[in-house]
>>> print(open('coords01.cif').read())   # mmCIF, N, CA and C atoms
data_data
#
loop_
_atom_site.label_atom_id
_atom_site.label_comp_id
_atom_site.auth_asym_id
_atom_site.auth_seq_id
_atom_site.Cartn_x
_atom_site.Cartn_y
_atom_site.Cartn_z
N MET A 1 71.95 100.52 109.29
CA MET A 1 71.02 101.34 110.00
C MET A 1 70.23 102.14 108.95
N SER A 2 69.08 102.59 109.33
CA SER A 2 68.19 103.16 108.32
C SER A 2 68.38 104.66 108.12
N ALA A 3 68.08 105.06 106.90
CA ALA A 3 68.13 106.48 106.54
C ALA A 3 67.06 107.25 107.30
N SER A 4 65.92 106.62 107.58
CA SER A 4 64.85 107.33 108.29
C SER A 4 65.26 107.68 109.72
N PHE A 5 66.00 106.79 110.39
CA PHE A 5 66.47 107.11 111.74
C PHE A 5 67.53 108.21 111.67
N ASP A 6 68.40 108.14 110.67
CA ASP A 6 69.38 109.21 110.46
C ASP A 6 68.67 110.55 110.29
N SER A 7 67.60 110.57 109.51
CA SER A 7 66.84 111.80 109.27
C SER A 7 66.19 112.31 110.55
N LEU A 8 65.68 111.40 111.35
CA LEU A 8 65.07 111.78 112.63
C LEU A 8 66.09 112.45 113.53
N VAL A 9 67.25 111.84 113.68
CA VAL A 9 68.30 112.40 114.54
C VAL A 9 68.76 113.75 113.99
N SER A 10 68.99 113.83 112.69
CA SER A 10 69.42 115.08 112.06
C SER A 10 68.38 116.18 112.25
N GLY A 11 67.11 115.83 112.12
CA GLY A 11 66.03 116.81 112.30
C GLY A 11 65.99 117.36 113.71
N ILE A 12 66.08 116.49 114.69
CA ILE A 12 66.10 116.94 116.09
C ILE A 12 67.35 117.79 116.34
N ALA A 13 68.48 117.39 115.78
CA ALA A 13 69.72 118.13 115.98
C ALA A 13 69.66 119.53 115.37
N ARG A 14 68.86 119.71 114.33
CA ARG A 14 68.71 121.04 113.72
C ARG A 14 67.85 121.97 114.58
N GLU A 15 66.91 121.41 115.33
CA GLU A 15 65.97 122.26 116.07
C GLU A 15 66.24 122.34 117.57
N ALA A 16 67.10 121.49 118.09
CA ALA A 16 67.37 121.47 119.53
C ALA A 16 68.87 121.44 119.78
N VAL A 17 69.24 121.74 121.00
CA VAL A 17 70.66 121.72 121.35
C VAL A 17 71.03 120.34 121.89
N PRO A 18 72.23 119.87 121.56
CA PRO A 18 72.67 118.59 122.12
C PRO A 18 73.02 118.75 123.60
N SER A 19 72.82 117.71 124.34
CA SER A 19 73.19 117.72 125.75
C SER A 19 74.70 117.95 125.86
N ASN A 20 75.09 118.65 126.92
CA ASN A 20 76.52 118.88 127.16
C ASN A 20 76.73 119.14 128.64
N GLY A 21 77.97 119.32 129.02
CA GLY A 21 78.30 119.66 130.40
C GLY A 21 77.71 118.70 131.42
N ASP A 22 77.15 119.28 132.48
CA ASP A 22 76.61 118.47 133.57
C ASP A 22 75.43 117.60 133.14
N ASN A 23 74.63 118.08 132.17
CA ASN A 23 73.50 117.27 131.70
C ASN A 23 73.98 116.00 131.01
N LEU A 24 74.99 116.13 130.15
CA LEU A 24 75.52 114.95 129.48
C LEU A 24 76.24 114.04 130.47
N LEU A 25 76.96 114.64 131.40
CA LEU A 25 77.63 113.85 132.43
C LEU A 25 76.61 113.06 133.25
N GLY A 26 75.49 113.71 133.60
CA GLY A 26 74.45 113.02 134.35
C GLY A 26 73.87 111.84 133.58
N PHE A 27 73.65 112.02 132.28
CA PHE A 27 73.14 110.92 131.45
C PHE A 27 74.17 109.79 131.40
N LYS A 28 75.43 110.14 131.27
CA LYS A 28 76.50 109.14 131.23
C LYS A 28 76.55 108.35 132.53
N ILE A 29 76.44 109.05 133.65
CA ILE A 29 76.44 108.38 134.96
C ILE A 29 75.26 107.43 135.07
N ASP A 30 74.07 107.89 134.65
CA ASP A 30 72.89 107.02 134.68
C ASP A 30 73.07 105.82 133.76
N ALA A 31 73.59 106.05 132.56
CA ALA A 31 73.81 104.95 131.61
C ALA A 31 74.79 103.93 132.18
N ASP A 32 75.82 104.42 132.82
CA ASP A 32 76.80 103.52 133.44
C ASP A 32 76.13 102.71 134.55
N HIS A 33 75.36 103.37 135.39
CA HIS A 33 74.69 102.69 136.50
C HIS A 33 73.71 101.62 135.99
N TYR A 34 72.80 102.00 135.10
CA TYR A 34 71.78 101.06 134.65
C TYR A 34 72.36 99.91 133.82
N SER A 35 73.35 100.19 133.00
CA SER A 35 73.93 99.10 132.19
C SER A 35 74.74 98.15 133.07
N ARG A 36 75.45 98.67 134.05
CA ARG A 36 76.21 97.79 134.96
C ARG A 36 75.31 97.04 135.93
N SER A 37 74.14 97.59 136.22
CA SER A 37 73.19 96.94 137.13
C SER A 37 72.35 95.86 136.46
N CYS A 38 72.35 95.83 135.14
CA CYS A 38 71.55 94.85 134.41
C CYS A 38 72.16 93.46 134.54
N SER A 39 71.39 92.53 135.05
CA SER A 39 71.92 91.17 135.29
C SER A 39 72.23 90.41 134.00
N SER A 40 71.77 90.90 132.86
CA SER A 40 72.06 90.24 131.58
C SER A 40 73.44 90.59 131.03
N PHE A 41 74.10 91.58 131.62
CA PHE A 41 75.42 92.00 131.14
C PHE A 41 76.51 91.61 132.11
N GLU A 42 77.59 91.02 131.58
CA GLU A 42 78.73 90.71 132.44
C GLU A 42 79.65 91.91 132.57
N SER A 43 79.61 92.80 131.59
CA SER A 43 80.42 94.02 131.65
C SER A 43 79.74 95.10 130.81
N ALA A 44 80.03 96.34 131.15
CA ALA A 44 79.48 97.47 130.40
C ALA A 44 80.37 98.68 130.60
N SER A 45 80.45 99.52 129.57
CA SER A 45 81.19 100.77 129.67
C SER A 45 80.45 101.84 128.88
N VAL A 46 80.65 103.08 129.27
CA VAL A 46 79.97 104.20 128.63
C VAL A 46 81.00 105.27 128.31
N THR A 47 80.93 105.78 127.07
CA THR A 47 81.79 106.89 126.66
C THR A 47 80.94 107.99 126.06
N THR A 48 81.50 109.20 126.05
CA THR A 48 80.81 110.34 125.44
C THR A 48 81.66 110.87 124.30
N SER A 49 81.00 111.63 123.41
CA SER A 49 81.72 112.28 122.32
C SER A 49 81.10 113.66 122.09
N ALA A 50 81.75 114.45 121.29
CA ALA A 50 81.24 115.78 120.94
C ALA A 50 80.35 115.73 119.70
N ASP A 51 80.18 114.56 119.09
CA ASP A 51 79.37 114.42 117.89
C ASP A 51 77.89 114.47 118.27
N PRO A 52 77.15 115.51 117.87
CA PRO A 52 75.75 115.61 118.27
C PRO A 52 74.88 114.47 117.74
N LEU A 53 75.33 113.77 116.73
CA LEU A 53 74.56 112.65 116.19
C LEU A 53 74.81 111.35 116.95
N SER A 54 75.80 111.37 117.85
CA SER A 54 76.08 110.20 118.69
C SER A 54 76.87 110.64 119.92
N LEU A 55 76.17 111.20 120.89
CA LEU A 55 76.80 111.77 122.08
C LEU A 55 77.27 110.72 123.07
N ILE A 56 76.57 109.59 123.12
CA ILE A 56 76.84 108.54 124.11
C ILE A 56 77.00 107.20 123.39
N GLU A 57 77.97 106.42 123.84
CA GLU A 57 78.06 105.04 123.37
C GLU A 57 78.16 104.13 124.58
N ILE A 58 77.25 103.17 124.64
CA ILE A 58 77.25 102.15 125.69
C ILE A 58 77.71 100.86 125.04
N ARG A 59 78.70 100.21 125.61
CA ARG A 59 79.18 98.91 125.11
C ARG A 59 79.02 97.89 126.22
N ALA A 60 78.52 96.71 125.85
CA ALA A 60 78.28 95.67 126.86
C ALA A 60 78.52 94.28 126.27
N ARG A 61 78.63 93.32 127.17
CA ARG A 61 78.74 91.89 126.83
C ARG A 61 77.73 91.13 127.67
N PHE A 62 77.09 90.13 127.05
CA PHE A 62 76.07 89.34 127.74
C PHE A 62 76.69 88.29 128.64
N VAL A 63 75.95 87.94 129.70
CA VAL A 63 76.30 86.80 130.54
C VAL A 63 75.85 85.53 129.81
N ASP A 64 76.32 84.40 130.26
CA ASP A 64 76.01 83.12 129.60
C ASP A 64 74.55 82.70 129.72
N THR A 65 73.82 83.27 130.67
CA THR A 65 72.43 82.83 130.87
C THR A 65 71.44 83.43 129.87
N VAL A 66 71.86 84.41 129.08
CA VAL A 66 70.98 84.96 128.05
C VAL A 66 70.82 83.87 126.98
N GLN A 67 69.56 83.50 126.68
CA GLN A 67 69.30 82.32 125.86
C GLN A 67 69.03 82.57 124.38
N ASN A 68 68.59 83.78 124.02
CA ASN A 68 68.23 84.01 122.63
C ASN A 68 68.26 85.51 122.33
N LEU A 69 68.10 85.84 121.06
CA LEU A 69 68.14 87.25 120.66
C LEU A 69 66.98 88.05 121.25
N GLY A 70 65.85 87.41 121.48
CA GLY A 70 64.72 88.10 122.10
C GLY A 70 65.08 88.58 123.50
N GLN A 71 65.71 87.71 124.29
CA GLN A 71 66.16 88.11 125.63
C GLN A 71 67.25 89.19 125.54
N ALA A 72 68.10 89.05 124.53
CA ALA A 72 69.18 90.03 124.35
C ALA A 72 68.60 91.42 124.09
N LYS A 73 67.65 91.50 123.16
CA LYS A 73 67.02 92.78 122.85
C LYS A 73 66.26 93.32 124.05
N ALA A 74 65.60 92.44 124.79
CA ALA A 74 64.83 92.86 125.96
C ALA A 74 65.73 93.48 127.02
N ALA A 75 66.94 92.95 127.18
CA ALA A 75 67.89 93.50 128.16
C ALA A 75 68.29 94.92 127.78
N VAL A 76 68.56 95.14 126.50
CA VAL A 76 68.93 96.48 126.03
C VAL A 76 67.76 97.44 126.23
N ILE A 77 66.56 97.02 125.88
CA ILE A 77 65.38 97.88 126.01
C ILE A 77 65.09 98.17 127.49
N ALA A 78 65.34 97.22 128.38
CA ALA A 78 65.12 97.45 129.81
C ALA A 78 66.03 98.57 130.31
N VAL A 79 67.29 98.54 129.91
CA VAL A 79 68.22 99.61 130.30
C VAL A 79 67.78 100.92 129.67
N TRP A 80 67.43 100.87 128.38
CA TRP A 80 67.01 102.09 127.69
C TRP A 80 65.78 102.71 128.35
N SER A 81 64.84 101.90 128.79
CA SER A 81 63.61 102.45 129.38
C SER A 81 63.91 103.21 130.67
N ASP A 82 64.99 102.87 131.36
CA ASP A 82 65.39 103.61 132.55
C ASP A 82 66.09 104.92 132.19
N LEU A 83 66.65 105.00 130.99
CA LEU A 83 67.42 106.17 130.58
C LEU A 83 66.61 107.22 129.81
N ALA A 84 65.68 106.78 129.00
CA ALA A 84 64.98 107.68 128.08
C ALA A 84 64.16 108.73 128.82
N TYR A 85 64.18 109.94 128.30
CA TYR A 85 63.34 111.01 128.84
C TYR A 85 61.90 110.77 128.41
N SER A 86 60.95 111.13 129.27
CA SER A 86 59.54 110.85 128.98
C SER A 86 58.97 111.73 127.87
N TYR A 87 59.55 112.89 127.61
CA TYR A 87 58.99 113.77 126.58
C TYR A 87 59.06 113.12 125.20
N PHE A 88 60.20 112.56 124.83
CA PHE A 88 60.35 111.94 123.51
C PHE A 88 61.51 110.95 123.55
N GLN A 89 61.30 109.82 122.90
CA GLN A 89 62.38 108.84 122.73
C GLN A 89 62.12 108.02 121.48
N ALA A 90 63.19 107.58 120.85
CA ALA A 90 63.08 106.70 119.68
C ALA A 90 64.30 105.79 119.67
N THR A 91 64.10 104.58 119.17
CA THR A 91 65.21 103.64 119.03
C THR A 91 65.09 102.90 117.70
N GLU A 92 66.21 102.36 117.28
CA GLU A 92 66.27 101.48 116.12
C GLU A 92 67.29 100.40 116.46
N THR A 93 66.88 99.14 116.38
CA THR A 93 67.77 98.04 116.72
C THR A 93 68.02 97.17 115.50
N VAL A 94 69.29 96.83 115.28
CA VAL A 94 69.67 95.92 114.20
C VAL A 94 70.58 94.84 114.78
N ALA A 95 70.24 93.60 114.50
CA ALA A 95 71.07 92.46 114.92
C ALA A 95 72.01 92.09 113.78
N TYR A 96 73.29 92.19 114.03
CA TYR A 96 74.31 91.77 113.09
C TYR A 96 74.88 90.43 113.58
N ARG A 97 75.70 89.81 112.78
CA ARG A 97 76.29 88.54 113.20
C ARG A 97 77.23 88.69 114.39
N ASP A 98 77.89 89.83 114.51
CA ASP A 98 78.88 90.00 115.57
C ASP A 98 78.50 91.02 116.64
N ARG A 99 77.32 91.66 116.49
CA ARG A 99 76.92 92.66 117.47
C ARG A 99 75.44 93.01 117.32
N LEU A 100 74.87 93.47 118.41
CA LEU A 100 73.52 94.00 118.44
C LEU A 100 73.66 95.50 118.65
N VAL A 101 73.10 96.30 117.74
CA VAL A 101 73.25 97.75 117.82
C VAL A 101 71.88 98.40 117.95
N THR A 102 71.70 99.16 119.01
CA THR A 102 70.49 99.95 119.20
C THR A 102 70.89 101.42 119.19
N ARG A 103 70.44 102.12 118.18
CA ARG A 103 70.64 103.57 118.13
C ARG A 103 69.50 104.20 118.89
N PHE A 104 69.79 105.30 119.59
CA PHE A 104 68.75 105.92 120.39
C PHE A 104 68.80 107.44 120.31
N LEU A 105 67.66 108.02 120.62
CA LEU A 105 67.49 109.47 120.64
C LEU A 105 66.44 109.77 121.69
N THR A 106 66.71 110.74 122.56
CA THR A 106 65.73 111.15 123.54
C THR A 106 65.85 112.65 123.76
N ARG A 107 64.73 113.27 124.05
CA ARG A 107 64.71 114.72 124.24
C ARG A 107 63.98 115.03 125.54
N ILE A 108 64.53 115.95 126.30
CA ILE A 108 64.00 116.22 127.63
C ILE A 108 62.70 117.02 127.62
N SER A 109 62.54 117.94 126.66
CA SER A 109 61.32 118.75 126.56
C SER A 109 61.26 119.39 125.17
N ASP A 110 60.16 120.05 124.88
CA ASP A 110 59.99 120.69 123.59
C ASP A 110 61.09 121.72 123.31
N SER A 111 61.50 122.43 124.32
CA SER A 111 62.53 123.45 124.11
C SER A 111 63.88 123.03 124.71
N GLY A 112 63.97 121.79 125.15
CA GLY A 112 65.18 121.33 125.85
C GLY A 112 66.14 120.57 124.96
N PHE A 113 67.18 120.10 125.59
CA PHE A 113 68.27 119.40 124.91
C PHE A 113 67.88 117.96 124.55
N PHE A 114 68.73 117.34 123.73
CA PHE A 114 68.54 115.94 123.35
C PHE A 114 69.82 115.16 123.61
N VAL A 115 69.68 113.85 123.69
CA VAL A 115 70.81 112.93 123.80
C VAL A 115 70.63 111.88 122.71
N SER A 116 71.68 111.66 121.94
CA SER A 116 71.68 110.64 120.90
C SER A 116 72.84 109.68 121.17
N GLY A 117 72.76 108.50 120.59
CA GLY A 117 73.87 107.58 120.78
C GLY A 117 73.54 106.19 120.31
N ARG A 118 74.34 105.26 120.79
CA ARG A 118 74.12 103.86 120.42
C ARG A 118 74.54 102.95 121.55
N PHE A 119 73.88 101.81 121.58
CA PHE A 119 74.12 100.77 122.58
C PHE A 119 74.59 99.57 121.78
N VAL A 120 75.82 99.13 122.00
CA VAL A 120 76.41 98.05 121.22
C VAL A 120 76.73 96.88 122.15
N VAL A 121 76.16 95.72 121.84
CA VAL A 121 76.45 94.52 122.61
C VAL A 121 77.15 93.53 121.68
N SER A 122 78.28 93.03 122.14
CA SER A 122 79.06 92.10 121.31
C SER A 122 79.69 91.04 122.22
N GLY A 123 80.64 90.29 121.68
CA GLY A 123 81.33 89.27 122.45
C GLY A 123 80.95 87.86 122.02
N SER A 124 81.61 86.89 122.61
CA SER A 124 81.42 85.50 122.20
C SER A 124 80.00 85.01 122.48
N LYS A 125 79.40 85.39 123.59
CA LYS A 125 78.02 84.95 123.88
C LYS A 125 77.07 85.51 122.84
N TYR A 126 77.24 86.77 122.46
CA TYR A 126 76.37 87.33 121.43
C TYR A 126 76.52 86.57 120.11
N ARG A 127 77.74 86.26 119.72
CA ARG A 127 77.95 85.52 118.46
C ARG A 127 77.26 84.16 118.51
N GLN A 128 77.27 83.51 119.66
CA GLN A 128 76.55 82.23 119.81
C GLN A 128 75.04 82.43 119.61
N LEU A 129 74.50 83.49 120.19
CA LEU A 129 73.07 83.77 120.04
C LEU A 129 72.72 84.05 118.58
N ALA A 130 73.58 84.80 117.91
CA ALA A 130 73.34 85.13 116.50
C ALA A 130 73.37 83.87 115.63
N LEU A 131 74.34 83.00 115.86
CA LEU A 131 74.42 81.75 115.10
C LEU A 131 73.20 80.87 115.36
N SER A 132 72.78 80.80 116.61
CA SER A 132 71.61 80.01 116.97
C SER A 132 70.36 80.56 116.27
N TYR A 133 70.23 81.87 116.23
CA TYR A 133 69.10 82.51 115.55
C TYR A 133 69.10 82.13 114.06
N GLU A 134 70.24 82.23 113.42
CA GLU A 134 70.32 81.91 111.99
C GLU A 134 69.96 80.45 111.73
N LYS A 135 70.44 79.53 112.59
CA LYS A 135 70.13 78.11 112.42
C LYS A 135 68.64 77.84 112.65
N THR A 136 68.10 78.42 113.69
CA THR A 136 66.71 78.18 114.05
C THR A 136 65.73 78.74 113.04
N TRP A 137 65.98 79.94 112.57
CA TRP A 137 65.03 80.65 111.72
C TRP A 137 65.40 80.65 110.25
N GLY A 138 66.59 80.15 109.91
CA GLY A 138 67.00 80.11 108.52
C GLY A 138 67.17 81.49 107.89
N GLU A 139 67.42 82.46 108.74
CA GLU A 139 67.56 83.85 108.28
C GLU A 139 68.97 84.33 108.58
N SER A 140 69.62 84.90 107.59
CA SER A 140 70.98 85.40 107.79
C SER A 140 70.95 86.83 108.33
N LEU A 141 71.77 87.06 109.34
CA LEU A 141 71.91 88.40 109.90
C LEU A 141 72.94 89.17 109.07
N SER A 142 72.88 90.47 109.15
CA SER A 142 73.82 91.32 108.41
C SER A 142 75.23 91.16 108.94
N GLU A 143 76.19 91.44 108.08
CA GLU A 143 77.60 91.37 108.47
C GLU A 143 77.97 92.51 109.30
#
>>> encode(input="coords01.cif", output="structure tokens")
Amino acid sequence: MSASFDSLVSGIAREAVPSNGDNLLGFKIDADHYSRSCSSFESASVTTSADPLSLIEIRARFVDTVQNLGQAKAAVIAVWSDLAYSYFQATETVAYRDRLVTRFLTRISDSGFFVSGRFVVSGSKYRQLALSYEKTWGESLSE
């Protein structure tokens, strides 16, 4: 993951308060709903932490009908677009051989709280997609 995204999250964390209590619970409930409702995922779970640099973690596995990494990334972004606050949002996605990781940050308002975290998709279907990508494009994904 990039140092510039780390800097962005750290900068927001210095000037704003992290989501907590009912606000964080509400985001978790929404994340659980949207990730479980996505037809591209066979399973999904959401956890919270006290770490302001990663308050939420969404973990999911793809269904067999997802055909390529483009569709895989699109599924994650579709869920994220339902979750992100309109005031500010940023993401960074990296495809590894064994998982797709999207780090995210969203802020509710100029003086309001923020939510940070990551969306991790893994499992056997993802590994198949990653191998297919490497064979098709001749590009190696990160370990």
>>> resolve_selection(input="coords01.cif", expression="the PyMOL selection byres ((chain A and resi 2-16) around 7)", output="list in words")
Met1, Val17, Pro18, Pro52, Leu53, Leu105, Ser111, Gly112, Phe113 and Phe114 of chain A
>>> resolve_selection(input="coords01.cif", expression="the PyMOL selection byres ((chain A and resi 125) around 8)", output="ChimeraX atom specification")
/A:61-64,66,122-124,126-131
>>> closest_residue(input="coords01.cif", among="A:Val79, A:Ile29, A:Ala72, A:Ala60", to="Ser43 (chain A)", atoms="all atoms listed in the file")
A:Ala60
>>> select_by_dssp(input="coords01.cif", residues="region 27-124 of chain A", states="strand (DSSP E)", output="tab-separated table (two decimals) with N, CA and C atoms, in the coordinates of the input")
chain	number	residue	atom	x	y	z
A	41	PHE	N	74.10	91.58	131.62
A	41	PHE	CA	75.42	92.00	131.14
A	41	PHE	C	76.51	91.61	132.11
A	42	GLU	N	77.59	91.02	131.58
A	42	GLU	CA	78.73	90.71	132.44
A	42	GLU	C	79.65	91.91	132.57
A	43	SER	N	79.61	92.80	131.59
A	43	SER	CA	80.42	94.02	131.65
A	43	SER	C	79.74	95.10	130.81
A	44	ALA	N	80.03	96.34	131.15
A	44	ALA	CA	79.48	97.47	130.40
A	44	ALA	C	80.37	98.68	130.60
A	45	SER	N	80.45	99.52	129.57
A	45	SER	CA	81.19	100.77	129.67
A	45	SER	C	80.45	101.84	128.88
A	46	VAL	N	80.65	103.08	129.27
A	46	VAL	CA	79.97	104.20	128.63
A	46	VAL	C	81.00	105.27	128.31
A	47	THR	N	80.93	105.78	127.07
A	47	THR	CA	81.79	106.89	126.66
A	47	THR	C	80.94	107.99	126.06
A	48	THR	N	81.50	109.20	126.05
A	48	THR	CA	80.81	110.34	125.44
A	48	THR	C	81.66	110.87	124.30
A	56	ILE	N	76.57	109.59	123.12
A	56	ILE	CA	76.84	108.54	124.11
A	56	ILE	C	77.00	107.20	123.39
A	57	GLU	N	77.97	106.42	123.84
A	57	GLU	CA	78.06	105.04	123.37
A	57	GLU	C	78.16	104.13	124.58
A	58	ILE	N	77.25	103.17	124.64
A	58	ILE	CA	77.25	102.15	125.69
A	58	ILE	C	77.71	100.86	125.04
A	59	ARG	N	78.70	100.21	125.61
A	59	ARG	CA	79.18	98.91	125.11
A	59	ARG	C	79.02	97.89	126.22
A	60	ALA	N	78.52	96.71	125.85
A	60	ALA	CA	78.28	95.67	126.86
A	60	ALA	C	78.52	94.28	126.27
A	61	ARG	N	78.63	93.32	127.17
A	61	ARG	CA	78.74	91.89	126.83
A	61	ARG	C	77.73	91.13	127.67
A	62	PHE	N	77.09	90.13	127.05
A	62	PHE	CA	76.07	89.34	127.74
A	62	PHE	C	76.69	88.29	128.64
A	88	PHE	N	60.20	112.56	124.83
A	88	PHE	CA	60.35	111.94	123.51
A	88	PHE	C	61.51	110.95	123.55
A	89	GLN	N	61.30	109.82	122.90
A	89	GLN	CA	62.38	108.84	122.73
A	89	GLN	C	62.12	108.02	121.48
A	90	ALA	N	63.19	107.58	120.85
A	90	ALA	CA	63.08	106.70	119.68
A	90	ALA	C	64.30	105.79	119.67
A	91	THR	N	64.10	104.58	119.17
A	91	THR	CA	65.21	103.64	119.03
A	91	THR	C	65.09	102.90	117.70
A	92	GLU	N	66.21	102.36	117.28
A	92	GLU	CA	66.27	101.48	116.12
A	92	GLU	C	67.29	100.40	116.46
A	93	THR	N	66.88	99.14	116.38
A	93	THR	CA	67.77	98.04	116.72
A	93	THR	C	68.02	97.17	115.50
A	94	VAL	N	69.29	96.83	115.28
A	94	VAL	CA	69.67	95.92	114.20
A	94	VAL	C	70.58	94.84	114.78
A	95	ALA	N	70.24	93.60	114.50
A	95	ALA	CA	71.07	92.46	114.92
A	95	ALA	C	72.01	92.09	113.78
A	99	ARG	N	77.32	91.66	116.49
A	99	ARG	CA	76.92	92.66	117.47
A	99	ARG	C	75.44	93.01	117.32
A	100	LEU	N	74.87	93.47	118.41
A	100	LEU	CA	73.52	94.00	118.44
A	100	LEU	C	73.66	95.50	118.65
A	101	VAL	N	73.10	96.30	117.74
A	101	VAL	CA	73.25	97.75	117.82
A	101	VAL	C	71.88	98.40	117.95
A	102	THR	N	71.70	99.16	119.01
A	102	THR	CA	70.49	99.95	119.20
A	102	THR	C	70.89	101.42	119.19
A	103	ARG	N	70.44	102.12	118.18
A	103	ARG	CA	70.64	103.57	118.13
A	103	ARG	C	69.50	104.20	118.89
A	104	PHE	N	69.79	105.30	119.59
A	104	PHE	CA	68.75	105.92	120.39
A	104	PHE	C	68.80	107.44	120.31
A	105	LEU	N	67.66	108.02	120.62
A	105	LEU	CA	67.49	109.47	120.64
A	105	LEU	C	66.44	109.77	121.69
A	106	THR	N	66.71	110.74	122.56
A	106	THR	CA	65.73	111.15	123.54
A	106	THR	C	65.85	112.65	123.76
A	107	ARG	N	64.73	113.27	124.05
A	107	ARG	CA	64.71	114.72	124.24
A	107	ARG	C	63.98	115.03	125.54
A	114	PHE	N	68.73	117.34	123.73
A	114	PHE	CA	68.54	115.94	123.35
A	114	PHE	C	69.82	115.16	123.61
A	115	VAL	N	69.68	113.85	123.69
A	115	VAL	CA	70.81	112.93	123.80
A	115	VAL	C	70.63	111.88	122.71
A	116	SER	N	71.68	111.66	121.94
A	116	SER	CA	71.68	110.64	120.90
A	116	SER	C	72.84	109.68	121.17
A	117	GLY	N	72.76	108.50	120.59
A	117	GLY	CA	73.87	107.58	120.78
A	117	GLY	C	73.54	106.19	120.31
A	118	ARG	N	74.34	105.26	120.79
A	118	ARG	CA	74.12	103.86	120.42
A	118	ARG	C	74.54	102.95	121.55
A	119	PHE	N	73.88	101.81	121.58
A	119	PHE	CA	74.12	100.77	122.58
A	119	PHE	C	74.59	99.57	121.78
A	120	VAL	N	75.82	99.13	122.00
A	120	VAL	CA	76.41	98.05	121.22
A	120	VAL	C	76.73	96.88	122.15
A	121	VAL	N	76.16	95.72	121.84
A	121	VAL	CA	76.45	94.52	122.61
A	121	VAL	C	77.15	93.53	121.68
A	122	SER	N	78.28	93.03	122.14
A	122	SER	CA	79.06	92.10	121.31
A	122	SER	C	79.69	91.04	122.22
>>> residues_around(input="coords01.cif", residues="region 106-108 of chain A", least_positions_apart="5", cutoff="7 Å", atoms="only C-alpha atoms", output="list in words")
Ala84, Tyr85, Tyr87, Phe88, Gln89, Ala90, Phe113, Phe114, Val115 and Ser116 of chain A
>>> select_by_dssp(input="coords01.cif", residues="chain A", states="helix (DSSP H, G or I)", output="VMD selection string")
chain A and resid 3 to 15 21 to 37 69 to 83 124 to 137
>>> atom_distance(input="coords01.cif", atom1="CA of Leu100 (chain A)", atom2="CA of Val120 (chain A)")
5.7 Å
>>> atom_distance(input="coords01.cif", atom1="atom N of Val76 (chain A)", atom2="atom C of Arg99 (chain A)")
11.7 Å
>>> axis_aligned_box(input="coords01.cif", around="region 42-53 of chain A", padding_each_side="4 Å", output="AutoDock Vina command-line options")
--center_x 78.2 --center_y 103.2 --center_z 124.4 --size_x 15.2 --size_y 33.1 --size_z 24.4
>>> atom_distance(input="coords01.cif", atom1="CA of Ile56 (chain A)", atom2="CA of Gly26 (chain A)")
11.4 Å
>>> resolve_selection(input="coords01.cif", expression="the PyMOL selection byres (((chain A and resi 117 and name CA) around 6) and name CA)", output="PyMOL selection string")
chain A and resi 54-57+103-104+116+118
>>> write_last_selection(input="coords01.cif", atoms="N, CA and C atoms", output="CSV table (one decimal), keeping the file's coordinate frame")
chain,number,residue,atom,x,y,z
A,54,SER,N,75.8,111.4,117.8
A,54,SER,CA,76.1,110.2,118.7
A,54,SER,C,76.9,110.6,119.9
A,55,LEU,N,76.2,111.2,120.9
A,55,LEU,CA,76.8,111.8,122.1
A,55,LEU,C,77.3,110.7,123.1
A,56,ILE,N,76.6,109.6,123.1
A,56,ILE,CA,76.8,108.5,124.1
A,56,ILE,C,77.0,107.2,123.4
A,57,GLU,N,78.0,106.4,123.8
A,57,GLU,CA,78.1,105.0,123.4
A,57,GLU,C,78.2,104.1,124.6
A,103,ARG,N,70.4,102.1,118.2
A,103,ARG,CA,70.6,103.6,118.1
A,103,ARG,C,69.5,104.2,118.9
A,104,PHE,N,69.8,105.3,119.6
A,104,PHE,CA,68.8,105.9,120.4
A,104,PHE,C,68.8,107.4,120.3
A,116,SER,N,71.7,111.7,121.9
A,116,SER,CA,71.7,110.6,120.9
A,116,SER,C,72.8,109.7,121.2
A,118,ARG,N,74.3,105.3,120.8
A,118,ARG,CA,74.1,103.9,120.4
A,118,ARG,C,74.5,103.0,121.6
>>> residues_around(input="coords01.cif", residues="Tyr34 (chain A)", least_positions_apart="5", cutoff="8 Å", atoms="all atoms listed in the file", output="list in words")
Lys28, Ile29, Ser39, Ala78, Val79, Trp80, Asp82 and Leu83 of chain A
>>> closest_residue(input="coords01.cif", among="A:Ser45, A:Ser140, A:Ser35, A:Asn68", to="Tyr96 (chain A)", atoms="only C-alpha atoms")
A:Ser140
